[in-house]
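Engineer: Following this line is structure12.cif, made up of mmCIF, C-alpha atoms:
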data_model
#
loop_
_atom_site.group_PDB
_atom_site.id
_atom_site.type_symbol
_atom_site.label_atom_id
_atom_site.label_comp_id
_atom_site.auth_asym_id
_atom_site.auth_seq_id
_atom_site.Cartn_x
_atom_site.Cartn_y
_atom_site.Cartn_z
ATOM 1 C CA VAL C 1 147.572 141.460 53.194
ATOM 2 C CA ARG C 2 145.473 143.652 50.891
ATOM 3 C CA PRO C 3 147.210 146.677 49.411
ATOM 4 C CA HIS C 4 145.873 149.985 50.711
ATOM 5 C CA LEU C 5 143.465 151.607 48.241
ATOM 6 C CA ALA C 6 145.421 154.870 48.199
ATOM 7 C CA VAL C 7 148.526 152.996 47.032
ATOM 8 C CA VAL C 8 146.544 151.167 44.381
ATOM 9 C CA LEU C 9 144.854 154.325 43.087
ATOM 10 C CA SER C 10 148.234 155.971 42.677
ATOM 11 C CA THR C 11 149.147 153.432 39.997
ATOM 12 C CA LYS C 12 146.283 154.699 37.766
ATOM 13 C CA ALA C 13 144.397 152.306 35.533
ATOM 14 C CA THR C 14 147.365 151.268 33.422
ATOM 15 C CA GLY C 15 146.832 147.530 33.789
ATOM 16 C CA LYS C 16 150.145 147.235 35.667
ATOM 17 C CA SER C 17 149.348 146.483 39.281
ATOM 18 C CA THR C 18 152.811 146.311 40.749
ATOM 19 C CA THR C 19 156.445 146.624 39.837
ATOM 20 C CA GLY C 20 159.703 145.262 41.148
ATOM 21 C CA THR C 21 161.527 141.965 41.190
ATOM 22 C CA PHE C 22 159.908 140.806 44.446
ATOM 23 C CA GLN C 23 156.419 141.467 43.083
ATOM 24 C CA LEU C 24 157.251 139.549 39.906
ATOM 25 C CA LEU C 25 158.581 136.683 42.005
ATOM 26 C CA LYS C 26 155.316 136.497 43.934
ATOM 27 C CA GLY C 27 153.439 136.612 40.659
ATOM 28 C CA PHE C 28 155.341 133.706 39.143
ATOM 29 C CA ILE C 29 155.091 131.656 42.336
ATOM 30 C CA SER C 30 151.313 132.163 42.252
ATOM 31 C CA LEU C 31 151.357 131.232 38.585
ATOM 32 C CA ALA C 32 153.245 128.014 39.348
ATOM 33 C CA VAL C 33 150.698 127.057 42.015
ATOM 34 C CA ALA C 34 147.867 127.708 39.548
ATOM 35 C CA VAL C 35 149.496 125.617 36.824
ATOM 36 C CA ILE C 36 150.176 122.680 39.151
ATOM 37 C CA GLY C 37 146.666 122.824 40.596
ATOM 38 C CA PHE C 38 144.845 123.054 37.264
ATOM 39 C CA GLY C 39 147.049 120.362 35.755
ATOM 40 C CA SER C 40 146.507 117.819 38.523
ATOM 41 C CA ASN C 41 143.117 118.548 40.068
ATOM 42 C CA PHE C 42 141.487 115.544 38.361
ATOM 43 C CA VAL C 43 144.050 113.072 39.712
ATOM 44 C CA PRO C 44 141.934 112.285 42.849
ATOM 45 C CA VAL C 45 139.082 111.042 40.620
ATOM 46 C CA LYS C 46 141.338 109.117 38.233
ATOM 47 C CA LYS C 47 139.860 105.712 39.134
ATOM 48 C CA ILE C 48 136.484 106.821 40.489
ATOM 49 C CA ASP C 49 133.175 106.262 38.726
ATOM 50 C CA THR C 50 131.523 109.684 38.513
ATOM 51 C CA GLY C 51 128.456 108.575 36.552
ATOM 52 C CA ASP C 52 126.996 111.254 34.297
ATOM 53 C CA GLY C 53 129.057 113.916 36.071
ATOM 54 C CA LEU C 54 126.315 116.265 37.306
ATOM 55 C CA PHE C 55 126.546 115.139 40.915
ATOM 56 C CA PHE C 56 130.334 115.194 40.687
ATOM 57 C CA GLN C 57 130.278 118.767 39.417
ATOM 58 C CA TRP C 58 128.023 119.937 42.233
ATOM 59 C CA ILE C 59 130.333 118.471 44.901
ATOM 60 C CA PHE C 60 133.322 119.823 42.988
ATOM 61 C CA CYS C 61 131.863 123.344 42.943
ATOM 62 C CA THR C 62 130.954 123.121 46.625
ATOM 63 C CA ALA C 63 134.620 122.513 47.447
ATOM 64 C CA ILE C 64 135.606 125.466 45.271
ATOM 65 C CA TRP C 65 133.245 127.694 47.247
ATOM 66 C CA VAL C 66 134.681 126.438 50.567
ATOM 67 C CA VAL C 67 138.180 127.462 49.455
ATOM 68 C CA SER C 68 136.901 130.890 48.413
ATOM 69 C CA LEU C 69 135.187 131.305 51.790
ATOM 70 C CA VAL C 70 138.483 130.665 53.585
ATOM 71 C CA VAL C 71 140.207 133.199 51.306
ATOM 72 C CA HIS C 72 137.395 135.680 51.978
ATOM 73 C CA LEU C 73 137.846 135.347 55.737
ATOM 74 C CA ILE C 74 141.624 135.652 55.480
ATOM 75 C CA GLN C 75 141.121 138.892 53.540
ATOM 76 C CA ASN C 76 138.885 140.232 56.345
ATOM 77 C CA CYS C 77 135.714 139.959 54.262
ATOM 78 C CA PRO C 78 136.272 142.569 51.513
ATOM 79 C CA LYS C 79 133.238 144.154 49.846
ATOM 80 C CA PHE C 80 131.085 141.769 47.859
ATOM 81 C CA TRP C 81 130.389 142.978 44.305
ATOM 82 C CA PRO C 82 127.445 141.026 42.808
ATOM 83 C CA LEU C 83 128.637 141.669 39.234
ATOM 84 C CA THR C 84 131.595 139.381 39.957
ATOM 85 C CA MET C 85 129.151 136.476 40.273
ATOM 86 C CA LEU C 86 128.549 136.802 36.539
ATOM 87 C CA GLY C 87 132.065 135.475 36.032
ATOM 88 C CA GLY C 88 131.213 132.441 38.143
ATOM 89 C CA PHE C 89 128.034 131.939 36.125
ATOM 90 C CA LEU C 90 130.008 132.007 32.862
ATOM 91 C CA TRP C 91 132.531 129.491 34.188
ATOM 92 C CA ALA C 92 129.911 127.099 35.597
ATOM 93 C CA THR C 93 127.878 127.278 32.380
ATOM 94 C CA GLY C 94 130.963 126.445 30.348
ATOM 95 C CA ASN C 95 131.796 123.625 32.733
ATOM 96 C CA ILE C 96 128.346 122.020 32.362
ATOM 97 C CA THR C 97 129.163 121.251 28.721
ATOM 98 C CA VAL C 98 132.057 118.996 29.723
ATOM 99 C CA ILE C 99 129.860 115.887 29.878
ATOM 100 C CA PRO C 100 128.586 115.974 26.267
ATOM 101 C CA ILE C 101 132.082 117.003 25.146
ATOM 102 C CA LEU C 102 133.588 113.922 26.769
ATOM 103 C CA LYS C 103 131.023 111.686 25.097
ATOM 104 C CA THR C 104 131.707 113.078 21.629
ATOM 105 C CA ILE C 105 135.392 113.976 21.265
ATOM 106 C CA GLY C 106 136.929 112.842 24.552
ATOM 107 C CA LEU C 107 138.686 114.660 27.375
ATOM 108 C CA GLY C 108 142.034 115.224 25.656
ATOM 109 C CA MET C 109 140.633 116.793 22.506
ATOM 110 C CA GLY C 110 137.907 118.641 24.395
ATOM 111 C CA VAL C 111 140.363 120.260 26.787
ATOM 112 C CA LEU C 112 142.593 121.309 23.905
ATOM 113 C CA ILE C 113 139.786 123.057 22.043
ATOM 114 C CA TRP C 114 138.194 124.843 24.972
ATOM 115 C CA ALA C 115 141.616 125.806 26.340
ATOM 116 C CA THR C 116 142.558 127.307 22.963
ATOM 117 C CA PHE C 117 139.442 129.470 22.830
ATOM 118 C CA SER C 118 139.720 130.282 26.522
ATOM 119 C CA LEU C 119 143.312 131.394 25.977
ATOM 120 C CA LEU C 120 142.427 133.602 23.013
ATOM 121 C CA MET C 121 139.350 135.128 24.652
ATOM 122 C CA GLY C 122 141.061 135.794 27.981
ATOM 123 C CA TRP C 123 144.196 137.184 26.373
ATOM 124 C CA ALA C 124 142.471 139.283 23.697
ATOM 125 C CA SER C 125 139.848 140.792 26.002
ATOM 126 C CA SER C 126 142.611 142.020 28.325
ATOM 127 C CA ARG C 127 145.106 142.995 25.646
ATOM 128 C CA PHE C 128 142.696 144.912 23.412
ATOM 129 C CA GLY C 129 140.200 146.156 26.009
ATOM 130 C CA TRP C 130 137.049 144.255 25.060
ATOM 131 C CA PHE C 131 133.845 144.390 27.162
ATOM 132 C CA GLY C 132 134.614 147.906 28.373
ATOM 133 C CA LEU C 133 137.973 146.939 29.892
ATOM 134 C CA ASN C 134 141.107 149.046 29.846
ATOM 135 C CA VAL C 135 143.790 147.997 27.398
ATOM 136 C CA GLN C 136 146.565 146.221 29.286
ATOM 137 C CA GLU C 137 150.017 147.150 28.046
ATOM 138 C CA VAL C 138 152.989 144.780 28.216
ATOM 139 C CA PRO C 139 156.721 145.655 28.178
ATOM 140 C CA SER C 140 157.270 143.709 24.944
ATOM 141 C CA PRO C 141 154.118 143.322 22.804
ATOM 142 C CA ILE C 142 155.981 141.308 20.154
ATOM 143 C CA LEU C 143 157.124 138.705 22.691
ATOM 144 C CA ASN C 144 153.589 138.593 24.094
ATOM 145 C CA TYR C 145 152.159 137.893 20.642
ATOM 146 C CA ILE C 146 154.806 135.258 19.935
ATOM 147 C CA GLY C 147 154.200 133.521 23.259
ATOM 148 C CA THR C 148 150.448 133.442 22.714
ATOM 149 C CA ALA C 149 150.919 132.125 19.167
ATOM 150 C CA MET C 150 153.250 129.378 20.417
ATOM 151 C CA ALA C 151 150.747 128.308 23.055
ATOM 152 C CA LYS C 152 148.034 128.118 20.410
ATOM 153 C CA GLN C 153 150.325 126.254 17.984
ATOM 154 C CA PHE C 154 150.910 123.533 20.566
ATOM 155 C CA LYS C 155 147.200 122.787 20.591
ATOM 156 C CA SER C 156 146.914 122.959 16.789
ATOM 157 C CA THR C 157 149.655 120.346 16.465
ATOM 158 C CA TYR C 158 147.706 117.954 18.666
ATOM 159 C CA CYS C 159 144.584 118.521 16.562
ATOM 160 C CA ALA C 160 146.503 117.472 13.457
ATOM 161 C CA VAL C 161 147.652 114.302 15.197
ATOM 162 C CA TYR C 162 144.059 113.633 16.256
ATOM 163 C CA PHE C 163 142.746 113.770 12.695
ATOM 164 C CA PHE C 164 145.620 111.587 11.495
ATOM 165 C CA CYS C 165 144.597 108.949 14.027
ATOM 166 C CA LEU C 166 141.022 109.082 12.704
ATOM 167 C CA SER C 167 142.127 108.288 9.165
ATOM 168 C CA ASN C 168 141.765 104.556 9.720
ATOM 169 C CA ILE C 169 138.406 104.789 11.482
ATOM 170 C CA CYS C 170 134.947 105.681 10.232
ATOM 171 C CA LEU C 171 135.886 109.217 9.272
ATOM 172 C CA ILE C 172 132.368 110.459 8.529
ATOM 173 C CA CYS C 173 130.943 109.264 11.842
ATOM 174 C CA CYS C 174 133.884 110.686 13.748
ATOM 175 C CA LEU C 175 133.662 113.965 11.847
ATOM 176 C CA VAL C 176 130.025 114.429 12.859
ATOM 177 C CA LEU C 177 130.872 113.737 16.490
ATOM 178 C CA PHE C 178 133.880 116.008 16.271
ATOM 179 C CA LEU C 179 131.886 118.913 14.869
ATOM 180 C CA ARG C 180 129.259 118.500 17.569
ATOM 181 C CA GLY C 181 131.757 118.165 20.388
ATOM 182 C CA SER C 182 134.131 120.821 19.114
ATOM 183 C CA SER C 183 131.278 123.343 18.808
ATOM 184 C CA LEU C 184 130.424 122.791 22.462
ATOM 185 C CA ALA C 185 134.099 122.984 23.396
ATOM 186 C CA MET C 186 134.465 126.290 21.536
ATOM 187 C CA CYS C 187 131.478 127.771 23.374
ATOM 188 C CA SER C 188 132.846 126.427 26.636
ATOM 189 C CA GLY C 189 136.242 128.005 25.971
ATOM 190 C CA LEU C 190 134.720 131.386 25.159
ATOM 191 C CA LEU C 191 132.762 131.270 28.414
ATOM 192 C CA TYR C 192 135.855 130.273 30.396
ATOM 193 C CA GLY C 193 137.929 132.985 28.760
ATOM 194 C CA SER C 194 135.424 135.746 29.479
ATOM 195 C CA SER C 195 134.790 134.759 33.105
ATOM 196 C CA PHE C 196 137.408 137.220 34.406
ATOM 197 C CA ALA C 197 135.869 140.130 32.500
ATOM 198 C CA PRO C 198 133.460 141.212 35.307
ATOM 199 C CA VAL C 199 136.343 141.411 37.803
ATOM 200 C CA LEU C 200 138.509 143.428 35.410
ATOM 201 C CA TYR C 201 135.540 145.665 34.584
ATOM 202 C CA ILE C 202 134.999 146.531 38.252
ATOM 203 C CA LYS C 203 138.701 147.191 38.778
ATOM 204 C CA ASN C 204 138.923 149.435 35.711
ATOM 205 C CA HIS C 205 135.903 151.498 36.796
ATOM 206 C CA ALA C 206 137.209 151.965 40.345
ATOM 207 C CA PHE C 207 138.993 155.118 39.196
ATOM 208 C CA LYS C 208 135.912 156.951 37.911
ATOM 209 C CA ASN C 209 134.372 159.295 40.490
ATOM 210 C CA ASP C 210 130.889 159.104 39.009
ATOM 211 C CA ASP C 211 130.876 155.304 38.724
ATOM 212 C CA LYS C 212 129.188 153.012 41.239
ATOM 213 C CA TYR C 213 132.349 150.922 41.352
ATOM 214 C CA PHE C 214 134.526 153.860 42.412
ATOM 215 C CA GLY C 215 136.982 152.849 45.090
ATOM 216 C CA ALA C 216 136.650 149.115 44.423
ATOM 217 C CA SER C 217 139.650 147.026 45.438
ATOM 218 C CA GLN C 218 142.411 146.481 42.887
ATOM 219 C CA PHE C 219 143.556 143.316 44.648
ATOM 220 C CA ASP C 220 142.141 140.529 42.466
ATOM 221 C CA ILE C 221 141.912 137.961 45.229
ATOM 222 C CA ASP C 222 139.300 140.135 46.976
ATOM 223 C CA TYR C 223 136.898 139.025 44.247
ATOM 224 C CA VAL C 224 137.436 135.273 44.628
ATOM 225 C CA PHE C 225 134.539 134.744 47.030
ATOM 226 C CA ALA C 226 131.963 136.536 44.873
ATOM 227 C CA TYR C 227 133.271 134.766 41.761
ATOM 228 C CA CYS C 228 133.015 131.334 43.388
ATOM 229 C CA SER C 229 129.616 132.200 44.873
ATOM 230 C CA GLY C 230 128.451 132.603 41.288
ATOM 231 C CA ILE C 231 129.901 129.176 40.521
ATOM 232 C CA ILE C 232 128.152 127.351 43.372
ATOM 233 C CA LEU C 233 124.843 129.152 42.793
ATOM 234 C CA THR C 234 124.827 128.344 39.072
ATOM 235 C CA SER C 235 125.957 124.766 39.659
ATOM 236 C CA THR C 236 123.196 124.260 42.239
ATOM 237 C CA VAL C 237 120.547 125.580 39.842
ATOM 238 C CA TYR C 238 121.778 123.258 37.088
ATOM 239 C CA PHE C 239 121.843 120.310 39.493
ATOM 240 C CA LEU C 240 118.259 121.008 40.614
ATOM 241 C CA ILE C 241 117.172 121.191 36.960
ATOM 242 C CA TYR C 242 118.945 117.878 36.401
ATOM 243 C CA CYS C 243 117.109 116.349 39.396
ATOM 244 C CA GLY C 244 113.813 117.556 37.932
ATOM 245 C CA VAL C 245 114.586 116.061 34.534
ATOM 246 C CA LYS C 246 115.519 112.768 36.205
ATOM 247 C CA LYS C 247 112.224 112.873 38.165
ATOM 248 C CA ASN C 248 114.027 113.267 41.475
ATOM 249 C CA LYS C 249 116.173 110.187 40.839
ATOM 250 C CA PRO C 250 119.626 111.656 40.120
ATOM 251 C CA SER C 251 122.627 109.390 39.651
ATOM 252 C CA VAL C 252 124.445 109.759 42.961
ATOM 253 C CA TYR C 253 127.749 107.935 43.402
ATOM 254 C CA SER C 254 128.735 107.982 47.068
ATOM 255 C CA THR C 255 132.275 106.798 46.316
ATOM 256 C CA ALA C 256 132.849 109.964 44.283
ATOM 257 C CA ILE C 257 132.016 112.434 47.062
ATOM 258 C CA LEU C 258 135.394 112.706 48.821
ATOM 259 C CA PRO C 259 137.496 112.494 45.616
ATOM 260 C CA ALA C 260 135.269 115.125 43.958
ATOM 261 C CA PHE C 261 135.539 117.384 47.000
ATOM 262 C CA PHE C 262 139.318 117.037 47.141
ATOM 263 C CA SER C 263 139.518 117.665 43.413
ATOM 264 C CA GLY C 264 137.477 120.832 43.918
ATOM 265 C CA LEU C 265 139.794 121.954 46.711
ATOM 266 C CA LEU C 266 142.773 121.667 44.372
ATOM 267 C CA TRP C 267 140.946 123.637 41.691
ATOM 268 C CA GLY C 268 139.860 126.279 44.206
ATOM 269 C CA ILE C 269 143.424 126.770 45.426
ATOM 270 C CA ALA C 270 144.695 126.969 41.844
ATOM 271 C CA ASN C 271 141.981 129.480 40.950
ATOM 272 C CA SER C 272 142.831 131.678 43.941
ATOM 273 C CA ALA C 273 146.493 131.546 42.946
ATOM 274 C CA TRP C 274 145.523 132.598 39.411
ATOM 275 C CA PHE C 275 143.645 135.620 40.769
ATOM 276 C CA LEU C 276 146.772 136.520 42.736
ATOM 277 C CA ALA C 277 148.971 136.080 39.665
ATOM 278 C CA ASN C 278 146.630 138.346 37.694
ATOM 279 C CA TYR C 279 147.275 141.103 40.222
ATOM 280 C CA TYR C 280 151.057 140.835 40.108
ATOM 281 C CA LEU C 281 151.495 140.010 36.406
ATOM 282 C CA SER C 282 148.188 141.029 34.698
ATOM 283 C CA ALA C 283 145.737 138.742 32.894
ATOM 284 C CA VAL C 284 147.274 139.388 29.485
ATOM 285 C CA ILE C 285 150.405 137.559 30.688
ATOM 286 C CA THR C 286 148.888 134.850 32.886
ATOM 287 C CA PHE C 287 146.206 133.564 30.495
ATOM 288 C CA PRO C 288 148.582 132.156 27.833
ATOM 289 C CA LEU C 289 150.902 130.692 30.471
ATOM 290 C CA VAL C 290 148.257 129.044 32.652
ATOM 291 C CA THR C 291 146.246 127.552 29.799
ATOM 292 C CA ALA C 292 149.257 126.365 27.784
ATOM 293 C CA VAL C 293 151.291 124.810 30.608
ATOM 294 C CA SER C 294 148.413 123.277 32.595
ATOM 295 C CA ILE C 295 146.953 121.793 29.412
ATOM 296 C CA LYS C 296 150.261 120.070 28.727
ATOM 297 C CA LYS C 297 150.184 118.500 32.190
ATOM 298 C CA MET C 298 146.567 117.460 31.601
ATOM 299 C CA LEU C 299 147.463 115.794 28.307
ATOM 300 C CA ILE C 300 150.233 113.808 29.974
ATOM 301 C CA PHE C 301 147.731 112.658 32.602
ATOM 302 C CA VAL C 302 145.076 111.745 29.995
ATOM 303 C CA THR C 303 147.611 109.894 27.850
ATOM 304 C CA ALA C 304 148.840 107.886 30.830
ATOM 305 C CA LEU C 305 145.276 107.067 31.820
ATOM 306 C CA VAL C 306 144.332 105.880 28.323
ATOM 307 C CA VAL C 307 147.467 103.722 28.089
ATOM 308 C CA ASN C 308 146.715 102.231 31.492
ATOM 309 C CA LEU C 309 143.086 101.425 30.614
ATOM 310 C CA THR C 310 144.099 100.000 27.242
ATOM 311 C CA SER C 311 146.678 97.721 28.838
ATOM 312 C CA GLN C 312 143.932 96.368 31.092
ATOM 313 C CA ASN C 313 141.606 95.867 28.107
ATOM 314 C CA ILE C 314 139.126 98.335 29.563
ATOM 315 C CA LEU C 315 139.183 100.446 26.409
#
Step by step, read the file and then write its structure as structure tokens.
Structural biologist:
Amino acid sequence: VRPHLAVVLSTKATGKSTTGTFQLLKGFISLAVAVIGFGSNFVPVKKIDTGDGLFFQWIFCTAIWVVSLVVHLIQNCPKFWPLTMLGGFLWATGNITVIPILKTIGLGMGVLIWATFSLLMGWASSRFGWFGLNVQEVPSPILNYIGTAMAKQFKSTYCAVYFFCLSNICLICCLVLFLRGSSLAMCSGLLYGSSFAPVLYIKNHAFKNDDKYFGASQFDIDYVFAYCSGIILTSTVYFLIYCGVKKNKPSVYSTAILPAFFSGLLWGIANSAWFLANYYLSAVITFPLVTAVSIKKMLIFVTALVVNLTSQNIL
């Protein structure tokens, strides 16, 4: 149930949406759902040939939009703010770079880099009030800084291991590929990390009488549908461009449709849970936790997959 606007407005724009043990419990439960969903959403396509990935992404994003539509209906169709679609555009644009990233530095390394920059962008923009956002205070800033630094250090450690493994390979060739892929991954991470900014901007300006966003909902999940509408619209445009480049002969893999759709459903549920966690805990807390923990689960999955393929002499 959406909180009444009068109750929300009484909290002022402090960045703290709710208080109390029960609210924190709901926040951490939502956070757990988000972490599990983001860390396992690619499992359905583990053994499926997705081709060049463009068709897969379009089906994936369609499933995300379906989940957001269900959420929108459950919330009794809250007001649609077009600016929120910008967040979906940023996410979908960052996601389109996954294919060249995979071909240059691989999934494991790519996820680590873009997650690091996504973590820093998402955390910093909320914590320090970038992009016209209100500064979000936390009960213990020192612990918040330490936690964010630890999450980042985990990724840095893996990077060091990665370069150590390259020491016995053609280092120059790998370095060129790494620089190319890591640059894309950095851009992707910055786009991912800033995708929540439009939602936070609208919420922050809901308290200003002379602003067009005055009275906007403070319940983050009310923005899921508009956010995901931006994702499906952007993904569709990119897919149509891809079809044009391929002269209307896109690589369509029918066996990937259901797995891609189910994978998108998992991501959509996780994303909705993250929006909910942002309301109860604030983005400055959820960003480090979601990116750090879900990336660890992803690495375990990638490692297991590589070991499995290697044992079968596929790699």
Engineer: Step by step, work through what the PyMOL selection byres ((chain C and resi 70) around 12) selects in the shown file, and finish by giving those residues as a compact mmCIF listing (two decimals) with C-alpha atoms, keeping the file's coordinate frame.
Structural biologist:
# COMPACT_ATOMS: atom_id res chain seq x y z
CA ALA C 63 134.62 122.51 47.45
CA ILE C 64 135.61 125.47 45.27
CA TRP C 65 133.24 127.69 47.25
CA VAL C 66 134.68 126.44 50.57
CA VAL C 67 138.18 127.46 49.46
CA SER C 68 136.90 130.89 48.41
CA LEU C 69 135.19 131.30 51.79
CA VAL C 71 140.21 133.20 51.31
CA HIS C 72 137.40 135.68 51.98
CA LEU C 73 137.85 135.35 55.74
CA ILE C 74 141.62 135.65 55.48
CA GLN C 75 141.12 138.89 53.54
CA ASN C 76 138.88 140.23 56.34
CA CYS C 77 135.71 139.96 54.26
CA ILE C 221 141.91 137.96 45.23
CA ASP C 222 139.30 140.14 46.98
CA VAL C 224 137.44 135.27 44.63
CA PHE C 225 134.54 134.74 47.03
CA CYS C 228 133.01 131.33 43.39
CA LEU C 265 139.79 121.95 46.71
CA GLY C 268 139.86 126.28 44.21
CA ILE C 269 143.42 126.77 45.43
CA SER C 272 142.83 131.68 43.94
Engineer: Do you have the atom CA of C:Trp274-atom CA of C:Leu102 distance handy?
Structural biologist: 25.5 Å
Engineer: Apply the PyMOL selection byres ((chain C and resi 40-53) around 7) to the file shown and report the selected residues as a VMD selection string.
Structural biologist: chain C and resid 36 to 39 54 to 57 99 251 253 256 259 to 260 262 to 263 266 to 267 298
Engineer: If we draw a sphere of 10 Å around (133.1, 115.8, 26.3), which residues have at least one atom in it when counting all atoms listed in the file? Please report them as JSON, numbers by chain.
Structural biologist: {"C": [96, 97, 98, 99, 100, 101, 102, 103, 104, 105, 106, 107, 108, 109, 110, 111, 180, 181, 182, 184, 185]}
Engineer: So the first atom is atom CA of C:Ile241 and the second is atom CA of C:Trp58; what is the distance between them in Å, to one decimal place?
Structural biologist: 12.1 Å
Engineer: Between C:Thr93, C:Leu86, C:Gly20, C:Gly27, which is the closest to C:Thr236 once you count all atoms listed in the file?
Structural biologist: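 Distance minimum relative to C:Thr236 lands on C:Thr93.
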Engineer: May I ask which of the residues C:Ile285, C:Cys61, C:Leu276, C:Ile113 is the closest one to C:Tyr238, counting all atoms listed in the file?
Structural biologist: C:Cys61
Engineer: Report, in Å with one decimal, the straight-line distance from atom CA of C:Ala270 to atom CA of C:Val35.
Structural biologist: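 Between these atoms lies a distance of 7.1 Å.
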Engineer: What's the 6 Å shell around C:Phe89, counting all atoms listed in the file, without same-chain residues fewer than 5 positions away, as a VMD selection string?
Structural biologist: chain C and resid 230 to 231 234
Engineer: Nearest residue to C:Pro78 out of C:Asn278, C:Ser217, C:Ser30, C:Ser235, using all atoms listed in the file?
Structural biologist: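 Going through C:Asn278, C:Ser217, C:Ser30, C:Ser235 one by one, the smallest distance to C:Pro78 is for C:Ser217.
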